[in-house]
2 protein chains.
Amino acid sequence: MQQTSKVRREVGERPMYRKIADDLLKGIGSGIFPVGSLLPGELDLIRRYSSSRHTVREALRMLEDMGIVKRQRGRGTLVLSPDARPAFVQMVRSPEELFSYPKDSALRIVAESTVVADSGLAKLLNCPKGAPWTKISGPRAFASGESVCWTDIYLLPEFKGVTGKIGGSRPVYEIIAETYGEQIQKINIEIYASSFESERAQFLGVEPGTPSLCLCRRYHGNGGRTFEVSVSEHPAKNYSYAFEFNSGWQTAEHWSWSK
Amino acid sequence: MQQTSKVRREVGERPMYRKIADDLLKGIGSGIFPVGSLLPGELDLIRRYSSSRHTVREALRMLEDMGIVKRQRGRGTLVLSPDARPAFVQMVRSPEELFSYPKDSALRIVAESTVVADSGLAKLLNCPKGAPWTKISGPRAFASGESVCWTDIYLLPEFKGVTGKIGGSRPVYEIIAETYGEQIQKINIEIYASSFESERAQFLGVEPGTPSLCLCRRYHGNGGRTFEVSVSEHPAKNYSYAFEFNSGWQTAEHWSWSK
DNA sequence: CGCGCTAAAATGTTCGGACAATTAGATTTT
DNA sequence: AAAATCTAATTGTCCGAACATTTTAGCGCG
């Protein structure tokens, strides 16, 4: 590991920053630097490996890219994970790809009200009990009339203004993002099965008690606060939800050099 | 963009390397640097932005991390993609995190047979009609006896040997990977709702017709071929499936600092 | 004309130094 | 005891310089 300075490396030998990264990785794997602890500071590493700050930082950057550590100015370098790598990645280029709603379907609003979160709703919306929400409900249907699902949308009251613009085929989160400048940071999706109770069944034209697939999507915006939650109930027959994970943490190998 | 050297930035102002990256990104988006072309060399960029090589490289590295460009020693920096980014990413460190099966539950095998894919099964397994598969079925239950789900597992016949080792709490894909050296390349998950038919309902101790949540997981191994498909049917009451997407191209936010 | 060699160009690796911004913890003040 | 302040530690940003390694392109020669 020692190598005084700028000496020529043997052919095929790994560069210094790689060796440092390997050594740190070994230390993390063997428990010298347990998950949750802080790695030695950059200054310490410089001394330990008789290297320069740039080289040490290159090694740390490598570990960070791998998702092994997380660095933060003023605090240090935290060990996140002992084993080498994230194994599977799912990637979508826009929230729309999480919907898979047919393009020619539209939401028809039949009810709009302000509700106060009871304990059940508070759990669903991940908010304190007693918080007020604007609730919009209605069936989503094809242009032909065939129904897709029943939807309940909960909005922060401050975004109530968008209700007038809802109803087309544009997703609600997009309207909010555009109107209020809210940016989506995180989307949480929960899927569960249920069965239609009579009133909704009538709206969608299915038998009461028909199995249904429910999707609850929570949109977290600036600062991580939940600003929209939508709950959709689909007749089981017509709907399934699919997604795919690929191995590796980089997914940009689909390009080759143009000779 | 000019900023002679080491001057204090205004509060909230973006650092130099960010500005350079933004500028290059704008140039790529507007067609000044079309996809497939080479970006100006580092020396050119240093002159253009009156900056140092380190700073310019930092900007280029950022574009590379985003998957916008690809750099290669001796050739230059190739523009890969015009539009900015993959927007949302879900990441799991191991296929186990896609299961969320309780740890103290185990599969009890009650049936094992060889089946030939009819048209319906061929569609489910994504294979040609008439292909033979090994099928294993049984309920998954807690140690206490409470049932979790009913499971059908389909295996390529060449992996039939693992059936003897199944039944504990270890996932099947893991046993196959270990025994035959098959590596998982891709996992495809499909979720739909259904309801229990009488025989299975009896096994799990629920009423026939109870709503259920079905998860179909397809494991693709070396060369992309499907080598295992598992279909689980859960009573709706006890089960929901949740996952999360984070904005940006880097994730790993599921960790917090240990105060 | 094609082959091999050479030079130029480009990015990779590594050193050294300085100041900025953020955080945690200790100290002081209220 | 709580709040405000200061200090030290730590990573972030940025400059300058040198040599290494790889690729491309051009040149000369047979």
# chains A, B, ... in the order shown; residues from 1 in each chain; ligands from 1
$ select_by_dssp --residues "stretch 30-78 of chain A" --states "alpha helix (DSSP H)" --output "ChimeraX atom specification"
/A:42-49,53-65
$ write_last_selection --atoms "C-alpha atoms" --output "compact mmCIF listing (two decimals), in the first residue's frame"
# COMPACT_ATOMS: atom_id res chain seq x y z
CA GLU A 42 -9.50 12.52 4.87
CA LEU A 43 -6.52 13.88 6.76
CA ASP A 44 -6.13 10.60 8.62
CA LEU A 45 -6.34 8.62 5.41
CA ILE A 46 -3.71 10.84 3.79
CA ARG A 47 -1.34 10.01 6.61
CA ARG A 48 -2.24 6.35 6.69
CA TYR A 49 -1.69 5.81 2.98
CA ARG A 53 -5.94 14.49 -0.51
CA HIS A 54 -6.99 14.30 -4.13
CA THR A 55 -6.17 10.61 -4.32
CA VAL A 56 -7.90 9.82 -1.08
CA ARG A 57 -10.96 11.71 -2.18
CA GLU A 58 -10.97 9.79 -5.43
CA ALA A 59 -11.09 6.56 -3.45
CA LEU A 60 -13.89 7.84 -1.24
CA ARG A 61 -15.80 9.07 -4.22
CA MET A 62 -15.61 5.58 -5.66
CA LEU A 63 -17.11 4.10 -2.52
CA GLU A 64 -19.82 6.72 -2.59
CA ASP A 65 -20.71 5.94 -6.20
$ interface_residues --of "chain B" --to "chain C" --cutoff "9 Å" --atoms "only C-alpha atoms (C1' of nucleotides)" --output "mmCIF file with C-alpha atoms, in the first residue's frame"
data_model
loop_
_atom_site.group_PDB
_atom_site.id
_atom_site.type_symbol
_atom_site.label_atom_id
_atom_site.label_comp_id
_atom_site.auth_asym_id
_atom_site.auth_seq_id
_atom_site.Cartn_x
_atom_site.Cartn_y
_atom_site.Cartn_z
ATOM 1 C CA LYS B 6 -11.492 31.803 -6.230
ATOM 2 C CA ARG B 8 -16.519 34.208 -3.025
ATOM 3 C CA GLY B 41 -11.538 18.724 -24.977
ATOM 4 C CA GLU B 42 -10.731 19.595 -21.408
ATOM 5 C CA ARG B 71 -15.550 9.576 -21.496
ATOM 6 C CA GLN B 72 -12.656 7.588 -22.811
ATOM 7 C CA ARG B 73 -8.989 8.199 -22.442
ATOM 8 C CA GLY B 74 -7.374 9.152 -25.700
ATOM 9 C CA ARG B 75 -10.614 9.685 -27.551
ATOM 10 C CA GLY B 76 -12.631 12.322 -25.817
ATOM 11 C CA THR B 77 -16.061 12.836 -24.355
#
$ atom_distance --atom1 "atom CA of B:Ile153" --atom2 "atom CA of B:Thr210"
22.1 Å
$ atom_distance --atom1 "atom CA of A:Arg140" --atom2 "atom CA of B:Ser212"
23.2 Å
$ atom_distance --atom1 "atom C1' of D:DA25" --atom2 "atom CA of B:Ser37"
17.8 Å
$ closest_residue --among "D:DC29, D:DC19, D:DC14, D:DA4" --to "chain B" --atoms "only C-alpha atoms (C1' of nucleotides)"
D:DC14
$ interface_residues --of "chain D" --to "chain A" --cutoff "12 Å" --atoms "only C-alpha atoms (C1' of nucleotides)" --output "list of chain:residue names"
D:DA8, D:DA9, D:DT10, D:DT11, D:DG12, D:DT13, D:DA18, D:DC19, D:DA20, D:DT21, D:DT24
$ residues_around --residues "stretch 194-204 of chain A" --least-positions-apart "2" --cutoff "9 Å" --atoms "only C-alpha atoms (C1' of nucleotides)" --output "ChimeraX atom specification"
/A:138-141,146-150,192,206-214,233-236 /B:193,210-213,236-237
$ closest_residue --among "B:Ile28, B:Phe33, B:Tyr241, B:Ser52" --to "D:DA17" --atoms "only C-alpha atoms (C1' of nucleotides)"
B:Ser52
$ closest_residue --among "A:Leu78, A:Leu121, A:Leu39, A:Leu24" --to "chain B" --atoms "only C-alpha atoms"
A:Leu78
$ select_by_dssp --residues "stretch 19-201 of chain B" --states "strand (DSSP E or B)" --output "PyMOL selection string"
chain B and resi 38+69-72+76-79+88-92+105-107+111-116+132-142+147-155+186-195
$ decode --residues "chain C" --atoms "N, CA and C atoms (P, O5', C5', C4', C3', O3' and C1' of nucleotides)" --output "PDB file, in the first residue's frame"
ATOM      1  P    DC C   1      -4.597   4.361 -54.156  1.00  0.00           P
ATOM      2  O5'  DC C   1      -3.865   3.199 -53.373  1.00  0.00           O
ATOM      3  C5'  DC C   1      -3.633   1.977 -54.086  1.00  0.00           C
ATOM      4  C4'  DC C   1      -2.979   1.028 -53.114  1.00  0.00           C
ATOM      5  C3'  DC C   1      -3.547   1.133 -51.699  1.00  0.00           C
ATOM      6  O3'  DC C   1      -3.885  -0.166 -51.233  1.00  0.00           O
ATOM      7  C1'  DC C   1      -1.176   1.337 -51.647  1.00  0.00           C
ATOM      8  P    DG C   2      -4.828  -0.310 -49.981  1.00  0.00           P
ATOM      9  O5'  DG C   2      -3.851  -0.925 -48.884  1.00  0.00           O
ATOM     10  C5'  DG C   2      -3.162  -2.131 -49.177  1.00  0.00           C
ATOM     11  C4'  DG C   2      -1.946  -2.255 -48.296  1.00  0.00           C
ATOM     12  C3'  DG C   2      -2.231  -2.217 -46.793  1.00  0.00           C
ATOM     13  O3'  DG C   2      -1.436  -3.208 -46.157  1.00  0.00           O
ATOM     14  C1'  DG C   2      -0.637  -0.594 -47.305  1.00  0.00           C
ATOM     15  P    DC C   3      -1.951  -3.852 -44.816  1.00  0.00           P
ATOM     16  O5'  DC C   3      -0.648  -3.881 -43.916  1.00  0.00           O
ATOM     17  C5'  DC C   3       0.627  -4.208 -44.506  1.00  0.00           C
ATOM     18  C4'  DC C   3       1.708  -3.411 -43.823  1.00  0.00           C
ATOM     19  C3'  DC C   3       1.533  -3.258 -42.319  1.00  0.00           C
ATOM     20  O3'  DC C   3       2.494  -4.067 -41.646  1.00  0.00           O
ATOM     21  C1'  DC C   3       2.201  -1.206 -43.360  1.00  0.00           C
ATOM     22  P    DG C   4       2.415  -4.191 -40.076  1.00  0.00           P
ATOM     23  O5'  DG C   4       3.435  -3.068 -39.577  1.00  0.00           O
ATOM     24  C5'  DG C   4       4.764  -3.026 -40.101  1.00  0.00           C
ATOM     25  C4'  DG C   4       5.438  -1.737 -39.677  1.00  0.00           C
ATOM     26  C3'  DG C   4       5.380  -1.459 -38.172  1.00  0.00           C
ATOM     27  O3'  DG C   4       6.661  -1.061 -37.703  1.00  0.00           O
ATOM     28  C1'  DG C   4       4.535   0.387 -39.370  1.00  0.00           C
ATOM     29  P    DC C   5       6.941  -0.966 -36.161  1.00  0.00           P
ATOM     30  O5'  DC C   5       7.403   0.545 -36.007  1.00  0.00           O
ATOM     31  C5'  DC C   5       8.229   1.127 -37.016  1.00  0.00           C
ATOM     32  C4'  DC C   5       8.100   2.645 -36.952  1.00  0.00           C
ATOM     33  C3'  DC C   5       8.118   3.213 -35.530  1.00  0.00           C
ATOM     34  O3'  DC C   5       9.190   4.127 -35.400  1.00  0.00           O
ATOM     35  C1'  DC C   5       6.269   4.077 -36.779  1.00  0.00           C
ATOM     36  P    DT C   6       9.478   4.842 -34.010  1.00  0.00           P
ATOM     37  O5'  DT C   6       8.784   6.252 -34.176  1.00  0.00           O
ATOM     38  C5'  DT C   6       8.808   6.893 -35.448  1.00  0.00           C
ATOM     39  C4'  DT C   6       8.046   8.204 -35.375  1.00  0.00           C
ATOM     40  C3'  DT C   6       8.079   8.895 -34.012  1.00  0.00           C
ATOM     41  O3'  DT C   6       8.293  10.276 -34.191  1.00  0.00           O
ATOM     42  C1'  DT C   6       5.832   8.514 -34.640  1.00  0.00           C
ATOM     43  P    DA C   7       8.646  11.194 -32.935  1.00  0.00           P
ATOM     44  O5'  DA C   7       7.447  12.249 -32.966  1.00  0.00           O
ATOM     45  C5'  DA C   7       7.060  12.811 -34.225  1.00  0.00           C
ATOM     46  C4'  DA C   7       5.670  13.412 -34.115  1.00  0.00           C
ATOM     47  C3'  DA C   7       5.456  14.293 -32.876  1.00  0.00           C
ATOM     48  O3'  DA C   7       4.766  15.466 -33.255  1.00  0.00           O
ATOM     49  C1'  DA C   7       3.829  12.570 -32.921  1.00  0.00           C
ATOM     50  P    DA C   8       4.620  16.659 -32.247  1.00  0.00           P
ATOM     51  O5'  DA C   8       3.038  16.728 -32.075  1.00  0.00           O
ATOM     52  C5'  DA C   8       2.222  16.629 -33.243  1.00  0.00           C
ATOM     53  C4'  DA C   8       0.793  16.291 -32.840  1.00  0.00           C
ATOM     54  C3'  DA C   8       0.260  17.117 -31.666  1.00  0.00           C
ATOM     55  O3'  DA C   8      -1.008  17.647 -32.026  1.00  0.00           O
ATOM     56  C1'  DA C   8      -0.072  14.805 -31.256  1.00  0.00           C
ATOM     57  P    DA C   9      -1.685  18.736 -31.059  1.00  0.00           P
ATOM     58  O5'  DA C   9      -2.941  17.934 -30.514  1.00  0.00           O
ATOM     59  C5'  DA C   9      -3.642  17.053 -31.400  1.00  0.00           C
ATOM     60  C4'  DA C   9      -4.583  16.173 -30.616  1.00  0.00           C
ATOM     61  C3'  DA C   9      -5.269  16.875 -29.431  1.00  0.00           C
ATOM     62  O3'  DA C   9      -6.641  16.515 -29.416  1.00  0.00           O
ATOM     63  C1'  DA C   9      -4.199  14.911 -28.689  1.00  0.00           C
ATOM     64  P    DA C  10      -7.663  17.461 -28.600  1.00  0.00           P
ATOM     65  O5'  DA C  10      -8.126  16.507 -27.415  1.00  0.00           O
ATOM     66  C5'  DA C  10      -8.787  15.296 -27.729  1.00  0.00           C
ATOM     67  C4'  DA C  10      -8.638  14.327 -26.580  1.00  0.00           C
ATOM     68  C3'  DA C  10      -8.957  14.935 -25.207  1.00  0.00           C
ATOM     69  O3'  DA C  10     -10.304  14.616 -24.854  1.00  0.00           O
ATOM     70  C1'  DA C  10      -7.075  13.449 -25.166  1.00  0.00           C
ATOM     71  P    DT C  11     -10.815  15.136 -23.415  1.00  0.00           P
ATOM     72  O5'  DT C  11     -10.467  13.946 -22.419  1.00  0.00           O
ATOM     73  C5'  DT C  11     -11.010  12.654 -22.658  1.00  0.00           C
ATOM     74  C4'  DT C  11     -10.295  11.615 -21.813  1.00  0.00           C
ATOM     75  C3'  DT C  11     -10.547  11.735 -20.308  1.00  0.00           C
ATOM     76  O3'  DT C  11     -10.793  10.440 -19.775  1.00  0.00           O
ATOM     77  C1'  DT C  11      -8.248  11.716 -20.727  1.00  0.00           C
ATOM     78  P    DG C  12     -11.005  10.298 -18.173  1.00  0.00           P
ATOM     79  O5'  DG C  12      -9.575   9.753 -17.685  1.00  0.00           O
ATOM     80  C5'  DG C  12      -9.194   8.430 -18.043  1.00  0.00           C
ATOM     81  C4'  DG C  12      -8.019   7.967 -17.200  1.00  0.00           C
ATOM     82  C3'  DG C  12      -8.226   8.096 -15.689  1.00  0.00           C
ATOM     83  O3'  DG C  12      -7.670   6.952 -15.052  1.00  0.00           O
ATOM     84  C1'  DG C  12      -6.324   9.337 -16.337  1.00  0.00           C
ATOM     85  P    DT C  13      -7.848   6.747 -13.478  1.00  0.00           P
ATOM     86  O5'  DT C  13      -6.506   7.359 -12.889  1.00  0.00           O
ATOM     87  C5'  DT C  13      -5.295   6.660 -13.086  1.00  0.00           C
ATOM     88  C4'  DT C  13      -4.155   7.415 -12.469  1.00  0.00           C
ATOM     89  C3'  DT C  13      -4.293   7.714 -10.968  1.00  0.00           C
ATOM     90  O3'  DT C  13      -3.192   7.115 -10.306  1.00  0.00           O
ATOM     91  C1'  DT C  13      -3.542   9.618 -12.149  1.00  0.00           C
ATOM     92  P    DT C  14      -3.221   7.007  -8.732  1.00  0.00           P
ATOM     93  O5'  DT C  14      -2.480   8.327  -8.297  1.00  0.00           O
ATOM     94  C5'  DT C  14      -1.119   8.501  -8.634  1.00  0.00           C
ATOM     95  C4'  DT C  14      -0.695   9.899  -8.319  1.00  0.00           C
ATOM     96  C3'  DT C  14      -1.119  10.426  -6.936  1.00  0.00           C
ATOM     97  O3'  DT C  14      -0.026  10.268  -6.036  1.00  0.00           O
ATOM     98  C1'  DT C  14      -1.135  12.094  -8.642  1.00  0.00           C
ATOM     99  P    DC C  15      -0.194  10.684  -4.499  1.00  0.00           P
ATOM    100  O5'  DC C  15       0.379  12.170  -4.443  1.00  0.00           O
ATOM    101  C5'  DC C  15       1.766  12.387  -4.643  1.00  0.00           C
ATOM    102  C4'  DC C  15       2.026  13.811  -5.033  1.00  0.00           C
ATOM    103  C3'  DC C  15       1.694  14.842  -3.961  1.00  0.00           C
ATOM    104  O3'  DC C  15       2.804  15.053  -3.114  1.00  0.00           O
ATOM    105  C1'  DC C  15       1.088  15.593  -6.162  1.00  0.00           C
ATOM    106  P    DG C  16       2.582  15.624  -1.676  1.00  0.00           P
ATOM    107  O5'  DG C  16       2.485  17.202  -1.809  1.00  0.00           O
ATOM    108  C5'  DG C  16       3.289  17.955  -2.696  1.00  0.00           C
ATOM    109  C4'  DG C  16       2.713  19.340  -2.841  1.00  0.00           C
ATOM    110  C3'  DG C  16       2.030  19.889  -1.585  1.00  0.00           C
ATOM    111  O3'  DG C  16       2.803  20.919  -0.988  1.00  0.00           O
ATOM    112  C1'  DG C  16       0.734  20.314  -3.555  1.00  0.00           C
ATOM    113  P    DG C  17       2.360  21.541   0.431  1.00  0.00           P
ATOM    114  O5'  DG C  17       1.324  22.699   0.054  1.00  0.00           O
ATOM    115  C5'  DG C  17       1.689  23.715  -0.854  1.00  0.00           C
ATOM    116  C4'  DG C  17       0.471  24.568  -1.195  1.00  0.00           C
ATOM    117  C3'  DG C  17      -0.267  25.115   0.030  1.00  0.00           C
ATOM    118  O3'  DG C  17      -0.101  26.524   0.100  1.00  0.00           O
ATOM    119  C1'  DG C  17      -1.773  24.297  -1.635  1.00  0.00           C
ATOM    120  P    DA C  18      -0.502  27.298   1.480  1.00  0.00           P
ATOM    121  O5'  DA C  18      -1.994  27.769   1.185  1.00  0.00           O
ATOM    122  C5'  DA C  18      -2.240  28.615   0.065  1.00  0.00           C
ATOM    123  C4'  DA C  18      -3.735  28.760  -0.131  1.00  0.00           C
ATOM    124  C3'  DA C  18      -4.482  29.163   1.147  1.00  0.00           C
ATOM    125  O3'  DA C  18      -4.932  30.510   0.991  1.00  0.00           O
ATOM    126  C1'  DA C  18      -5.627  27.451  -0.098  1.00  0.00           C
ATOM    127  P    DC C  19      -5.466  31.291   2.268  1.00  0.00           P
ATOM    128  O5'  DC C  19      -7.052  31.131   2.116  1.00  0.00           O
ATOM    129  C5'  DC C  19      -7.661  31.553   0.916  1.00  0.00           C
ATOM    130  C4'  DC C  19      -9.024  30.894   0.768  1.00  0.00           C
ATOM    131  C3'  DC C  19     -10.011  31.206   1.908  1.00  0.00           C
ATOM    132  O3'  DC C  19     -11.170  31.753   1.329  1.00  0.00           O
ATOM    133  C1'  DC C  19     -10.000  28.903   1.379  1.00  0.00           C
ATOM    134  P    DA C  20     -12.381  32.204   2.260  1.00  0.00           P
ATOM    135  O5'  DA C  20     -13.503  31.100   1.978  1.00  0.00           O
ATOM    136  C5'  DA C  20     -13.701  30.626   0.645  1.00  0.00           C
ATOM    137  C4'  DA C  20     -14.952  29.772   0.574  1.00  0.00           C
ATOM    138  C3'  DA C  20     -16.057  30.141   1.551  1.00  0.00           C
ATOM    139  O3'  DA C  20     -17.308  29.858   0.944  1.00  0.00           O
ATOM    140  C1'  DA C  20     -15.272  27.971   2.061  1.00  0.00           C
ATOM    141  P    DA C  21     -18.654  30.299   1.641  1.00  0.00           P
ATOM    142  O5'  DA C  21     -19.147  28.911   2.236  1.00  0.00           O
ATOM    143  C5'  DA C  21     -19.318  27.816   1.352  1.00  0.00           C
ATOM    144  C4'  DA C  21     -19.866  26.622   2.110  1.00  0.00           C
ATOM    145  C3'  DA C  21     -20.964  26.948   3.123  1.00  0.00           C
ATOM    146  O3'  DA C  21     -21.932  25.925   3.031  1.00  0.00           O
ATOM    147  C1'  DA C  21     -19.165  25.871   4.218  1.00  0.00           C
ATOM    148  P    DT C  22     -23.325  26.095   3.776  1.00  0.00           P
ATOM    149  O5'  DT C  22     -23.268  24.910   4.830  1.00  0.00           O
ATOM    150  C5'  DT C  22     -22.942  23.600   4.359  1.00  0.00           C
ATOM    151  C4'  DT C  22     -22.495  22.750   5.509  1.00  0.00           C
ATOM    152  C3'  DT C  22     -23.442  22.767   6.715  1.00  0.00           C
ATOM    153  O3'  DT C  22     -24.007  21.481   6.826  1.00  0.00           O
ATOM    154  C1'  DT C  22     -21.148  22.867   7.365  1.00  0.00           C
ATOM    155  P    DT C  23     -25.232  21.225   7.837  1.00  0.00           P
ATOM    156  O5'  DT C  23     -24.525  20.493   9.063  1.00  0.00           O
ATOM    157  C5'  DT C  23     -23.649  19.408   8.800  1.00  0.00           C
ATOM    158  C4'  DT C  23     -22.787  19.143  10.010  1.00  0.00           C
ATOM    159  C3'  DT C  23     -23.557  19.100  11.330  1.00  0.00           C
ATOM    160  O3'  DT C  23     -23.614  17.762  11.773  1.00  0.00           O
ATOM    161  C1'  DT C  23     -21.467  20.295  11.508  1.00  0.00           C
ATOM    162  P    DA C  24     -24.438  17.404  13.117  1.00  0.00           P
ATOM    163  O5'  DA C  24     -23.273  17.369  14.207  1.00  0.00           O
ATOM    164  C5'  DA C  24     -22.045  16.737  13.855  1.00  0.00           C
ATOM    165  C4'  DA C  24     -21.083  16.795  15.014  1.00  0.00           C
ATOM    166  C3'  DA C  24     -21.729  16.617  16.383  1.00  0.00           C
ATOM    167  O3'  DA C  24     -20.872  15.827  17.199  1.00  0.00           O
ATOM    168  C1'  DA C  24     -20.694  18.748  16.264  1.00  0.00           C
ATOM    169  P    DG C  25     -21.374  15.462  18.669  1.00  0.00           P
ATOM    170  O5'  DG C  25     -20.457  16.381  19.608  1.00  0.00           O
ATOM    171  C5'  DG C  25     -19.057  16.421  19.364  1.00  0.00           C
ATOM    172  C4'  DG C  25     -18.437  17.577  20.113  1.00  0.00           C
ATOM    173  C3'  DG C  25     -18.853  17.672  21.590  1.00  0.00           C
ATOM    174  O3'  DG C  25     -17.684  17.843  22.387  1.00  0.00           O
ATOM    175  C1'  DG C  25     -19.194  19.742  20.520  1.00  0.00           C
ATOM    176  P    DA C  26     -17.867  17.825  24.000  1.00  0.00           P
ATOM    177  O5'  DA C  26     -17.184  19.197  24.431  1.00  0.00           O
ATOM    178  C5'  DA C  26     -15.974  19.601  23.793  1.00  0.00           C
ATOM    179  C4'  DA C  26     -15.756  21.090  23.990  1.00  0.00           C
ATOM    180  C3'  DA C  26     -15.915  21.544  25.441  1.00  0.00           C
ATOM    181  O3'  DA C  26     -14.849  22.428  25.782  1.00  0.00           O
ATOM    182  C1'  DA C  26     -17.366  22.776  24.039  1.00  0.00           C
ATOM    183  P    DT C  27     -14.698  22.945  27.269  1.00  0.00           P
ATOM    184  O5'  DT C  27     -15.142  24.460  27.172  1.00  0.00           O
ATOM    185  C5'  DT C  27     -14.727  25.249  26.039  1.00  0.00           C
ATOM    186  C4'  DT C  27     -15.504  26.548  26.011  1.00  0.00           C
ATOM    187  C3'  DT C  27     -15.741  27.184  27.395  1.00  0.00           C
ATOM    188  O3'  DT C  27     -15.092  28.443  27.450  1.00  0.00           O
ATOM    189  C1'  DT C  27     -17.729  27.192  26.089  1.00  0.00           C
ATOM    190  P    DT C  28     -15.048  29.270  28.821  1.00  0.00           P
ATOM    191  O5'  DT C  28     -16.191  30.355  28.575  1.00  0.00           O
ATOM    192  C5'  DT C  28     -16.237  31.060  27.330  1.00  0.00           C
ATOM    193  C4'  DT C  28     -17.607  31.698  27.151  1.00  0.00           C
ATOM    194  C3'  DT C  28     -18.063  32.566  28.334  1.00  0.00           C
ATOM    195  O3'  DT C  28     -18.212  33.912  27.899  1.00  0.00           O
ATOM    196  C1'  DT C  28     -19.816  31.142  27.572  1.00  0.00           C
ATOM    197  P    DT C  29     -18.540  35.055  29.004  1.00  0.00           P
ATOM    198  O5'  DT C  29     -20.100  35.238  28.797  1.00  0.00           O
ATOM    199  C5'  DT C  29     -20.615  35.414  27.473  1.00  0.00           C
ATOM    200  C4'  DT C  29     -22.133  35.251  27.468  1.00  0.00           C
ATOM    201  C3'  DT C  29     -22.862  36.123  28.505  1.00  0.00           C
ATOM    202  O3'  DT C  29     -23.839  36.923  27.851  1.00  0.00           O
ATOM    203  C1'  DT C  29     -23.641  33.881  28.584  1.00  0.00           C
ATOM    204  P    DT C  30     -24.531  38.115  28.708  1.00  0.00           P
ATOM    205  O5'  DT C  30     -25.969  37.521  28.971  1.00  0.00           O
ATOM    206  C5'  DT C  30     -26.753  37.028  27.873  1.00  0.00           C
ATOM    207  C4'  DT C  30     -27.923  36.205  28.393  1.00  0.00           C
ATOM    208  C3'  DT C  30     -28.761  36.910  29.462  1.00  0.00           C
ATOM    209  O3'  DT C  30     -30.121  36.994  29.039  1.00  0.00           O
ATOM    210  C1'  DT C  30     -28.236  34.682  30.109  1.00  0.00           C
TER     211       DT C  30
END
